[in-house]
>>> print(open('final-v3.cif').read())   # mmCIF, C-alpha atoms
data_target
#
loop_
_atom_site.label_atom_id
_atom_site.label_comp_id
_atom_site.auth_asym_id
_atom_site.auth_seq_id
_atom_site.Cartn_x
_atom_site.Cartn_y
_atom_site.Cartn_z
CA MET X 231 23.19 18.94 93.71
CA SER X 232 25.38 21.97 93.32
CA GLY X 233 25.66 21.25 89.60
CA ARG X 234 21.89 21.31 89.16
CA LYS X 235 21.50 24.59 91.08
CA ASN X 236 24.13 26.34 88.99
CA SER X 237 22.65 25.06 85.76
CA GLY X 238 19.45 27.01 86.41
CA LYS X 239 21.22 30.34 86.86
CA ALA X 240 22.99 32.63 84.35
CA SER X 241 26.51 33.64 85.14
CA PRO X 242 27.19 37.33 85.99
CA CYS X 243 29.37 37.69 82.86
CA LEU X 244 26.56 36.48 80.62
CA LEU X 245 24.08 38.94 82.20
CA ILE X 246 26.51 41.80 81.65
CA LEU X 247 26.99 40.86 77.99
CA ILE X 248 23.22 40.66 77.44
CA SER X 249 22.69 44.06 79.08
CA VAL X 250 25.38 45.71 76.99
CA GLY X 251 23.99 44.14 73.82
CA CYS X 252 20.46 45.38 74.60
CA PHE X 253 21.82 48.87 75.29
CA PHE X 254 23.58 49.14 71.93
CA ALA X 255 20.61 47.68 70.03
CA THR X 256 18.25 50.23 71.61
CA TYR X 257 20.72 53.08 71.01
CA ASN X 258 21.15 52.18 67.33
CA PHE X 259 17.40 51.90 66.82
CA LEU X 260 16.69 55.30 68.38
CA THR X 261 19.54 56.87 66.41
CA MET X 262 18.12 55.52 63.15
CA VAL X 263 14.63 56.82 64.00
CA GLY X 264 15.98 60.23 64.95
CA HIS X 265 18.06 60.42 61.79
CA ALA X 266 15.10 59.53 59.61
CA ARG X 267 12.94 62.20 61.25
CA SER X 268 15.63 64.82 60.89
CA ARG X 269 15.51 64.58 57.12
CA ASP X 270 13.29 66.82 55.05
CA GLY X 271 10.16 66.08 56.99
CA PRO X 272 7.92 63.05 56.69
CA ARG X 273 7.91 61.28 53.36
CA LYS X 274 4.68 61.97 51.59
CA LEU X 275 3.39 59.59 48.94
CA LEU X 276 -0.17 60.54 48.23
CA GLY X 277 -0.84 62.92 51.11
CA ASP X 278 -0.92 66.72 50.96
CA GLY X 279 2.73 66.82 49.91
CA SER X 280 3.71 69.37 52.52
CA SER X 281 7.22 69.23 53.91
CA ALA X 282 7.72 69.77 57.62
CA ALA X 283 10.34 72.49 57.36
CA SER X 284 12.19 74.28 60.12
CA PHE X 285 12.47 78.02 59.77
CA ALA X 286 15.06 80.72 60.15
CA ALA X 287 15.26 82.32 63.55
CA GLY X 288 13.13 85.45 63.69
CA SER X 289 10.95 84.50 60.72
CA ASP X 290 7.44 85.90 61.16
CA PRO X 291 4.99 82.98 60.91
CA SER X 292 2.35 85.26 59.37
CA LYS X 293 4.67 86.01 56.43
CA ARG X 294 5.80 82.50 55.62
CA PHE X 295 4.89 81.15 52.22
CA HIS X 296 4.55 77.61 50.93
CA VAL X 297 6.62 76.79 47.84
CA ALA X 298 4.41 75.06 45.26
CA LEU X 299 6.24 73.57 42.29
CA THR X 300 4.29 72.14 39.35
CA ALA X 301 6.05 69.32 37.51
CA THR X 302 5.66 66.16 35.42
CA ASP X 303 7.22 62.71 35.75
CA ALA X 304 9.40 63.23 32.66
CA LEU X 305 13.14 62.89 33.29
CA TYR X 306 13.59 66.42 31.93
CA SER X 307 11.33 67.75 34.68
CA GLN X 308 12.78 65.46 37.35
CA TRP X 309 16.39 66.59 37.19
CA GLN X 310 15.34 70.24 37.25
CA SER X 311 13.02 69.60 40.20
CA ARG X 312 15.84 67.94 42.15
CA ILE X 313 18.15 70.91 41.66
CA MET X 314 15.37 73.33 42.54
CA TYR X 315 14.48 71.43 45.72
CA TYR X 316 18.16 71.23 46.72
CA TRP X 317 18.50 75.01 46.64
CA TYR X 318 15.20 75.49 48.44
CA LYS X 319 16.62 73.43 51.33
CA GLU X 320 19.86 75.42 51.21
CA MET X 321 18.08 78.77 51.53
CA ARG X 322 14.98 78.16 53.64
CA ASN X 323 16.63 78.37 57.07
CA ARG X 324 18.96 81.29 56.41
CA PRO X 325 18.39 84.77 57.82
CA ASP X 326 15.82 86.92 55.96
CA SER X 327 14.03 83.83 54.63
CA ASP X 328 10.25 83.51 54.88
CA MET X 329 10.24 80.20 53.05
CA GLY X 330 7.92 77.62 54.59
CA GLY X 331 6.99 74.15 53.44
CA PHE X 332 7.39 72.67 49.98
CA THR X 333 5.16 70.67 47.64
CA ARG X 334 5.90 69.31 44.20
CA ILE X 335 2.49 69.17 42.48
CA LEU X 336 2.94 66.22 40.14
CA HIS X 337 0.32 66.48 37.40
CA SER X 338 1.14 63.18 35.70
CA GLY X 339 -1.64 61.28 37.47
CA LYS X 340 0.62 58.66 39.09
CA PRO X 341 3.60 58.48 41.46
CA ASP X 342 7.14 58.60 40.11
CA GLY X 343 10.62 57.74 41.36
CA LEU X 344 11.09 60.95 43.37
CA MET X 345 8.22 60.48 45.81
CA ASP X 346 10.55 59.63 48.70
CA GLU X 347 12.95 62.47 47.93
CA ILE X 348 10.69 65.47 47.31
CA PRO X 349 7.42 66.17 49.19
CA THR X 350 4.86 65.49 46.47
CA LEU X 351 1.13 65.53 45.84
CA VAL X 352 -0.08 63.60 42.80
CA VAL X 353 -2.93 65.24 40.88
CA ASP X 354 -4.70 64.42 37.62
CA PRO X 355 -3.57 65.72 34.25
CA LEU X 356 -6.12 67.13 31.87
CA PRO X 357 -8.05 64.48 29.97
CA GLU X 358 -6.10 62.97 27.11
CA GLY X 359 -5.76 65.39 24.21
CA ALA X 360 -7.14 68.38 26.10
CA ASP X 361 -3.77 70.16 26.29
CA ARG X 362 -3.11 69.60 22.56
CA GLY X 363 0.59 69.25 23.17
CA TYR X 364 0.77 72.41 25.29
CA ILE X 365 1.86 70.72 28.53
CA VAL X 366 1.76 73.84 30.72
CA LEU X 367 -2.00 73.99 30.18
CA ASN X 368 -2.03 71.41 32.98
CA ARG X 369 -0.58 73.93 35.45
CA PRO X 370 -3.75 75.85 36.39
CA TRP X 371 -5.72 72.61 36.61
CA ALA X 372 -3.01 71.22 38.90
CA PHE X 373 -3.29 74.23 41.20
CA VAL X 374 -7.09 73.95 41.32
CA GLN X 375 -6.74 70.36 42.56
CA TRP X 376 -3.91 71.10 44.98
CA LEU X 377 -5.77 73.97 46.60
CA LYS X 378 -8.73 71.67 47.24
CA LYS X 379 -6.64 68.79 48.60
CA SER X 380 -3.81 70.49 50.48
CA ASN X 381 -3.79 71.47 54.12
CA ILE X 382 -0.82 73.81 54.33
CA LYS X 383 -0.13 75.96 57.38
CA GLU X 384 1.13 79.03 55.51
CA ASP X 385 -1.16 81.89 54.45
CA TYR X 386 0.90 82.60 51.34
CA VAL X 387 1.98 80.53 48.34
CA LEU X 388 4.96 80.91 46.01
CA MET X 389 4.14 79.46 42.60
CA ALA X 390 7.42 78.18 41.20
CA GLU X 391 8.82 76.13 38.30
CA PRO X 392 11.46 73.39 38.01
CA ASP X 393 13.97 75.66 36.25
CA HIS X 394 14.11 78.11 39.16
CA ILE X 395 17.22 78.23 41.35
CA PHE X 396 17.17 80.09 44.67
CA VAL X 397 20.41 82.05 45.01
CA ARG X 398 19.42 84.10 48.06
CA PRO X 399 17.03 83.52 50.98
CA LEU X 400 13.65 84.68 49.72
CA PRO X 401 11.54 86.92 51.96
CA ASN X 402 7.82 87.43 51.45
CA LEU X 403 7.74 90.14 48.78
CA ALA X 404 3.95 90.45 48.87
CA ARG X 405 2.37 93.45 50.58
CA GLY X 406 -0.64 92.06 52.37
CA ASP X 407 -3.36 91.62 49.76
CA GLU X 408 -1.03 92.83 46.98
CA PRO X 409 0.84 89.80 45.61
CA ALA X 410 4.39 90.04 44.31
CA ALA X 411 5.22 89.03 40.72
CA PHE X 412 8.02 89.27 38.22
CA PRO X 413 7.31 91.51 35.17
CA PHE X 414 8.03 89.76 31.86
CA PHE X 415 9.09 92.00 28.99
CA TYR X 416 7.20 89.89 26.46
CA ILE X 417 3.81 90.05 28.22
CA LYS X 418 2.27 93.17 26.66
CA PRO X 419 -1.44 93.55 27.44
CA THR X 420 -1.84 97.04 25.92
CA GLU X 421 -0.39 95.86 22.61
CA ASN X 422 -2.86 92.97 22.46
CA GLU X 423 -6.05 94.77 23.44
CA LYS X 424 -8.11 93.45 20.52
CA ILE X 425 -7.48 89.83 21.52
CA LEU X 426 -7.68 90.39 25.27
CA ARG X 427 -11.10 92.05 24.99
CA LYS X 428 -12.47 88.58 24.23
CA PHE X 429 -11.62 87.66 27.81
CA PHE X 430 -11.47 91.03 29.60
CA PRO X 431 -14.64 92.99 28.71
CA GLU X 432 -14.68 96.78 28.52
CA GLU X 433 -16.83 97.13 31.63
CA LYS X 434 -13.87 95.77 33.59
CA GLY X 435 -11.81 98.80 32.61
CA PRO X 436 -8.73 99.42 30.46
CA VAL X 437 -6.50 96.48 29.58
CA SER X 438 -3.70 98.31 31.38
CA LYS X 439 -5.26 96.80 34.51
CA ILE X 440 -3.81 93.48 33.33
CA ASP X 441 -0.34 93.09 34.82
CA PRO X 442 2.57 92.09 32.51
CA ILE X 443 3.15 88.85 34.39
CA GLY X 444 2.73 85.10 34.37
CA ASN X 445 1.79 82.90 37.30
CA SER X 446 5.38 82.21 38.25
CA PRO X 447 7.17 83.46 40.18
CA VAL X 448 4.30 84.89 42.21
CA ILE X 449 3.87 85.14 45.98
CA ILE X 450 0.17 85.42 46.76
CA LYS X 451 -2.25 84.78 49.59
CA LYS X 452 -3.70 81.30 49.42
CA ALA X 453 -7.21 82.75 49.84
CA GLN X 454 -6.70 84.93 46.75
CA LEU X 455 -5.30 82.07 44.70
CA GLU X 456 -8.29 79.90 45.59
CA LYS X 457 -10.52 82.47 43.87
CA ILE X 458 -8.23 83.13 40.90
CA ALA X 459 -7.21 79.56 40.03
CA PRO X 460 -10.55 78.32 38.60
CA THR X 461 -10.87 81.45 36.44
CA TRP X 462 -7.26 81.04 35.33
CA MET X 463 -8.09 77.46 34.35
CA ASN X 464 -11.18 78.48 32.40
CA ILE X 465 -9.46 81.26 30.50
CA SER X 466 -6.46 79.06 29.64
CA LEU X 467 -8.72 76.44 28.03
CA ASN X 468 -10.81 78.99 26.21
CA MET X 469 -7.77 80.88 24.93
CA LYS X 470 -6.44 77.59 23.58
CA ASP X 471 -9.79 76.97 21.88
CA ASP X 472 -9.64 80.35 20.16
CA ALA X 473 -7.44 80.03 17.07
CA GLU X 474 -6.55 83.73 16.89
CA THR X 475 -5.53 83.86 20.55
CA ASP X 476 -3.62 80.60 20.38
CA LYS X 477 -1.64 81.83 17.38
CA ALA X 478 -0.91 85.23 18.91
CA PHE X 479 0.18 84.07 22.37
CA GLY X 480 1.73 80.69 21.60
CA TRP X 481 3.82 79.29 24.45
CA VAL X 482 2.98 82.22 26.78
CA LEU X 483 -0.79 81.71 26.47
CA GLU X 484 -1.17 80.30 29.99
CA MET X 485 0.79 83.28 31.36
CA TYR X 486 -1.63 85.74 29.75
CA ALA X 487 -4.49 83.67 31.15
CA TYR X 488 -3.23 84.10 34.71
CA ALA X 489 -2.72 87.84 34.21
CA VAL X 490 -6.28 88.23 32.88
CA ALA X 491 -7.79 86.06 35.61
CA SER X 492 -6.09 88.13 38.31
CA ALA X 493 -7.36 91.37 36.78
CA LEU X 494 -10.90 90.00 36.58
CA HIS X 495 -10.75 89.43 40.32
CA GLY X 496 -9.42 92.94 40.92
CA VAL X 497 -5.99 91.70 42.04
CA HIS X 498 -3.02 93.93 41.24
CA HIS X 499 0.53 92.65 41.67
CA ASN X 500 3.54 94.41 43.11
CA LEU X 501 6.02 94.12 40.22
CA ARG X 502 9.46 93.11 41.42
CA LYS X 503 12.26 93.04 38.87
CA ASP X 504 14.60 91.76 41.59
CA PHE X 505 12.46 88.64 41.98
CA MET X 506 14.61 86.79 39.43
CA ILE X 507 17.04 87.07 36.55
CA GLN X 508 17.07 85.27 33.20
CA PRO X 509 20.50 84.57 31.71
CA PRO X 510 21.93 85.37 29.26
CA TRP X 511 19.95 88.62 29.05
CA ASP X 512 20.51 89.60 32.67
CA LEU X 513 24.21 89.93 33.28
CA LYS X 514 24.44 90.07 37.08
CA SER X 515 22.70 88.16 39.84
CA GLU X 516 23.44 90.67 42.60
CA GLY X 517 20.30 91.60 44.52
CA SER X 518 18.12 88.95 42.87
CA PHE X 519 16.57 85.92 44.53
CA ILE X 520 16.01 83.41 41.69
CA ILE X 521 17.82 82.40 38.52
CA HIS X 522 15.47 81.27 35.75
CA TYR X 523 17.50 79.27 33.24
CA THR X 524 14.88 78.99 30.53
CA TYR X 525 17.00 80.45 27.72
CA GLY X 526 19.90 78.74 26.00
CA CYS X 527 23.32 80.29 26.62
CA ASP X 528 25.62 80.22 23.58
CA TYR X 529 29.08 81.82 23.56
CA THR X 530 32.31 81.82 21.62
CA LEU X 531 35.45 80.72 23.42
CA LYS X 532 36.14 84.43 23.89
CA GLY X 533 32.96 84.82 25.92
CA GLU X 534 30.94 86.55 23.18
CA LEU X 535 27.19 85.82 23.07
CA THR X 536 25.96 84.12 19.89
CA TYR X 537 22.26 83.86 20.75
CA GLY X 538 20.29 82.22 17.96
CA LYS X 539 23.38 80.37 16.81
CA ILE X 540 24.92 77.37 18.52
CA GLY X 541 28.05 78.58 20.22
CA GLU X 542 31.44 76.98 20.72
CA TRP X 543 30.34 76.71 24.33
CA ARG X 544 26.68 76.32 25.24
CA PHE X 545 24.31 75.40 27.99
CA ASP X 546 20.67 74.81 27.12
CA LYS X 547 18.43 72.79 29.42
CA ARG X 548 16.72 71.36 26.32
CA SER X 549 19.95 69.52 25.51
CA TYR X 550 19.12 67.25 28.44
CA LEU X 551 15.64 65.99 27.64
CA ARG X 552 16.57 62.34 28.22
CA SER X 553 19.43 62.58 30.69
CA PRO X 554 20.55 65.07 33.35
CA PRO X 555 23.56 67.34 32.81
CA PRO X 556 26.81 65.47 33.55
CA ARG X 557 28.71 66.15 36.74
CA ASN X 558 31.77 67.10 34.67
CA LEU X 559 29.84 69.72 32.71
CA THR X 560 32.28 71.97 30.86
CA LEU X 561 32.38 75.38 32.48
CA PRO X 562 31.97 78.51 30.34
CA PRO X 563 34.96 80.39 28.93
CA PRO X 564 36.37 83.57 30.46
CA GLY X 565 34.43 86.70 29.62
CA VAL X 566 30.87 85.41 30.02
CA PRO X 567 28.58 87.35 32.40
CA GLU X 568 28.61 86.50 36.08
CA SER X 569 24.98 85.41 35.82
CA VAL X 570 25.99 82.60 33.45
CA GLY X 571 29.24 81.28 34.81
CA GLN X 572 32.39 82.94 36.01
CA SER X 573 32.29 85.77 38.51
CA PRO X 574 35.36 88.01 38.95
CA GLY X 575 36.28 85.98 42.03
CA GLY X 576 36.05 82.73 40.09
CA GLY X 577 32.78 81.40 41.51
CA GLY X 578 29.99 81.96 39.04
CA LEU X 579 26.49 81.46 40.37
CA PHE X 580 24.46 79.77 37.68
CA LEU X 581 26.55 77.01 36.13
CA GLU X 582 29.65 76.71 38.25
CA THR X 583 27.96 76.78 41.66
CA CYS X 584 24.29 75.96 41.19
CA ILE X 585 24.46 73.11 38.70
CA HIS X 586 28.05 71.93 38.19
CA ARG X 587 29.12 71.71 41.82
CA ARG X 588 25.77 71.07 43.43
CA PHE X 589 24.10 68.68 41.05
CA PRO X 590 22.69 65.82 43.14
CA PRO X 591 24.87 62.72 42.76
CA ARG X 592 22.06 60.31 41.96
CA LEU X 593 18.97 60.55 39.82
CA ARG X 594 16.55 57.70 39.96
CA VAL X 595 14.75 57.48 36.66
CA ALA X 596 12.40 54.63 37.52
CA ALA X 597 8.86 55.79 36.95
CA ASN X 598 7.39 53.27 39.38
CA GLY X 599 5.04 52.18 36.66
CA ALA X 600 3.60 49.39 38.79
CA ALA X 601 2.24 51.88 41.32
CA ALA X 602 -1.48 52.37 41.15
CA SER X 603 -2.77 55.79 40.17
CA SER X 604 -4.16 57.87 43.00
CA ARG X 605 -6.90 59.35 40.88
CA ALA X 606 -10.44 58.22 41.52
CA ARG X 607 -11.87 58.09 38.05
CA ALA X 608 -15.24 59.66 37.45
CA PRO X 609 -17.82 57.98 35.21
CA ALA X 610 -17.60 58.58 31.47
CA GLY X 611 -19.24 61.81 30.44
CA TYR X 612 -18.76 63.40 33.85
CA TYR X 613 -17.99 67.13 33.75
CA ILE X 614 -15.89 69.15 36.14
CA LEU X 615 -17.15 72.73 36.27
CA LEU X 616 -14.35 75.03 37.31
CA GLN X 617 -15.95 77.97 39.05
CA SER X 618 -15.09 80.35 41.83
CA LYS X 619 -17.28 82.50 44.02
CA GLU X 620 -16.22 85.55 42.01
CA GLN X 621 -16.45 84.04 38.57
CA GLY X 622 -17.50 87.32 36.99
CA PRO X 623 -18.49 87.49 33.34
CA TYR X 624 -16.34 84.61 32.18
CA PRO X 625 -18.13 81.26 31.58
CA PRO X 626 -16.78 78.16 33.32
CA ALA X 627 -14.94 75.58 31.26
CA ARG X 628 -15.97 71.96 31.00
CA ILE X 629 -13.46 69.17 31.36
CA THR X 630 -14.70 65.79 30.22
CA ILE X 631 -13.35 62.75 32.08
CA ARG X 632 -13.33 59.75 29.76
#
>>> encode(input="final-v3.cif", output="structure tokens")
Amino acid sequence: MSGRKNSGKASPCLLILISVGCFFATYNFLTMVGHARSRDGPRKLLGDGSSAASFAAGSDPSKRFHVALTATDALYSQWQSRIMYYWYKEMRNRPDSDMGGFTRILHSGKPDGLMDEIPTLVVDPLPEGADRGYIVLNRPWAFVQWLKKSNIKEDYVLMAEPDHIFVRPLPNLARGDEPAAFPFFYIKPTENEKILRKFFPEEKGPVSKIDPIGNSPVIIKKAQLEKIAPTWMNISLNMKDDAETDKAFGWVLEMYAYAVASALHGVHHNLRKDFMIQPPWDLKSEGSFIIHYTYGCDYTLKGELTYGKIGEWRFDKRSYLRSPPPRNLTLPPPGVPESVGQSPGGGGLFLETCIHRRFPPRLRVAANGAAASSRARAPAGYYILLQSKEQGPYPPARITIR
């Protein structure tokens, strides 16, 4: 009888072992959940793409801006986007930062291999052939879509590009309704008055009202951008359709289009030269917030610039169209400017610190081609009319969805 009674009961040792096992299983599960949530916010696949960022102590919520990065699914764009996003995360929580959430606006029409790594919203590209090989013509169209689909908390937006590196915490440089922008030396409205009058009529005033800027980097109120973006889109397409304008403006056409669109809406920008630097022309990074590495950097082994001629040492992002820069990237020779490589203390900002030492260790190149496109296709012959409430004299453009 005693044997039967004992067989129906668990021994005290077994109960203790089961309890301990349950405790560790629960602890490990909660730790994994907490760790996953502590990463860069929830993973967004086809949502609004906003990252749930924490903010620097003392940051004024009314001044925070959302970082909006336009990009494609090309490997060339991906490795730049990863570096850019890395430095955004490094700077967003530091003192003096007003950086809020982050969205990569992917205008390739389908998800790519970075969806789990970078907060992303997939939007449609222009219809096939509409950009005529000028890929940045998709940028204003991407912003039009993002502004309609997104639900960001910030009142301001920073329009950024993949080849931007944050080297200091970025405060909100805008002054209320006056956005902040970087002045480009090659955007010269007064020297192109004849062409610009096609898009900026005389009744709008002198062409000097057009700021010498592009759309990036710009910190602007979201409400202002919602009005400007459709006009920016329309003017970009119509400038591309005009042979004289296309020839005159070339690769900066979309930048002129943003400048004109802003002026048509009566928006003047606060021009900030300290917004960013562009090596190799800018020699020092002190006091600046962004490094824009759009130009090739060519030097002799003595540190002498040989721009226009391939140097004995060079870094040009276009050398890495099909693969990211290697982790053992050769550092520049002594004598190059601090903005390019070696600072007097031995820690240059651009190459040595921002790319060479901090390049993410893994780049997934899978394009996830099996993933279904998020775009809901419109019927053939359907037109999207890009208009804003303050369209002004400029006619809306038509985009045909085939």
>>> residues_around(input="final-v3.cif", residues="Leu377 in chain X", least_positions_apart="5", cutoff="10 Å", atoms="all atoms listed in the file", output="list in words")
Asp278, Ala372, Ile382, Lys452, Ala453, Leu455, Glu456 and Ala459 of chain X
>>> closest_residue(input="final-v3.cif", among="X:Pro392, X:Ala491, X:Lys428, X:Ile458", to="Tyr306 in chain X", atoms="only C-alpha atoms")
X:Pro392
>>> residues_around(input="final-v3.cif", residues="Lys418 in chain X", least_positions_apart="2", cutoff="10 Å", atoms="all atoms listed in the file", output="MDAnalysis selection string")
chainID X and resid 414:416 420:423 437:438 440:443 486
>>> atom_distance(input="final-v3.cif", atom1="CA of Leu561 in chain X", atom2="CA of Ile540 in chain X")
16.0 Å
>>> atom_distance(input="final-v3.cif", atom1="CA of Tyr386 in chain X", atom2="CA of Val297 in chain X")
8.9 Å
>>> atom_distance(input="final-v3.cif", atom1="CA of Lys424 in chain X", atom2="CA of Gly444 in chain X")
19.5 Å
